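**Student:** What follows is a single structure, and I will ask about it in a moment.
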Amino acid sequence: MLDTEGLSAAAVTAIVGQTRLSLKFSGQANHAGTTPMHLRHDALAAAAEWITAVEALAQRSDGMVATVGQNQRRAKCR
């Protein structure tokens with residue numbers, strides 16, 4: 001039918017698969033200037049490291065793309 005209509009055919013060589021994740025990073029709110037760095041548990045810093053790792057993985061993997069689409073921060077104050 002394509003031939004009689006003068007249309008071209010194409011072969012699919014790859015398909016896109018999507019994975020969606022919802023992650024929660026929990027920390028501890030005691031990061032005053034007197035808290036040593038090795039005792040801090042900063043959830044936002046952990047999330048930033050994860051986002052950077054996702055980006056790096058996509059950069060070094062042929063054909064992979066990655067996006068962190070949303071980031072919500074909810075601080076729990078004492």
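Each chain in the structure tokens gets a letter, A, B and so on, in the order shown; residues start at 1 in every chain, and ligands are counted from 1 in the order they appear.
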Give me, as an MDAnalysis selection string, all polymer residues having an atom no more than 9 Å from segment 18-26 of chain A, counting only C-alpha atoms and skipping those fewer than 2 positions away in the same chain.

**Tutor:** chainID A and resid 16 28 41:44 46:47

**Student:** Using DSSP on the backbone coordinates, identify the residues of chain A assigned to helix (DSSP H, G or I); present them as a VMD selection string.

**Tutor:** chain A and resid 2 to 5 37 to 39 43 to 60

**Student:** Restricting the calculation to only C-alpha atoms: of A:Ala75, A:Ala45, A:Ile51, A:Ala11, which residue gets closest to Ala29 of chain A?

**Tutor:**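 Looking at the shortest contact to Ala29 of chain A, the residue is A:Ala75.
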
**Student:** Would you work out the distance separating atom CA of Asn71 of chain A from atom CA of Ala48 of chain A, expressed in Å to one decimal?

**Tutor:**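 Separating atom CA of Asn71 of chain A from atom CA of Ala48 of chain A is a distance of 9.9 Å.
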
**Student:** How far is it from atom CA of Glu49 of chain A to atom CA of Gly27 of chain A, in Å with one decimal?

**Tutor:** 13.8 Å

**Student:** Hey, what's within 12 Å of Gly63 of chain A if we count only C-alpha atoms and toss same-chain stuff fewer than 5 positions away? As a list in words, please?

**Tutor:** Ala14, Ile15, Val16, Gly17, Leu57 and Ala58 of chain A

**Student:** Those same residues, written as a compact mmCIF listing (two decimals), in the first residue's frame with C-alpha atoms?

**Tutor:**
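Produced file part.txt, reproduced below:
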```
# COMPACT_ATOMS: atom_id res chain seq x y z
CA ALA A 14 14.91 2.00 19.22
CA ILE A 15 12.07 2.92 21.54
CA VAL A 16 11.96 5.22 24.54
CA GLY A 17 11.24 3.77 27.96
CA LEU A 57 25.30 8.84 34.52
CA ALA A 58 23.27 10.23 31.63
```
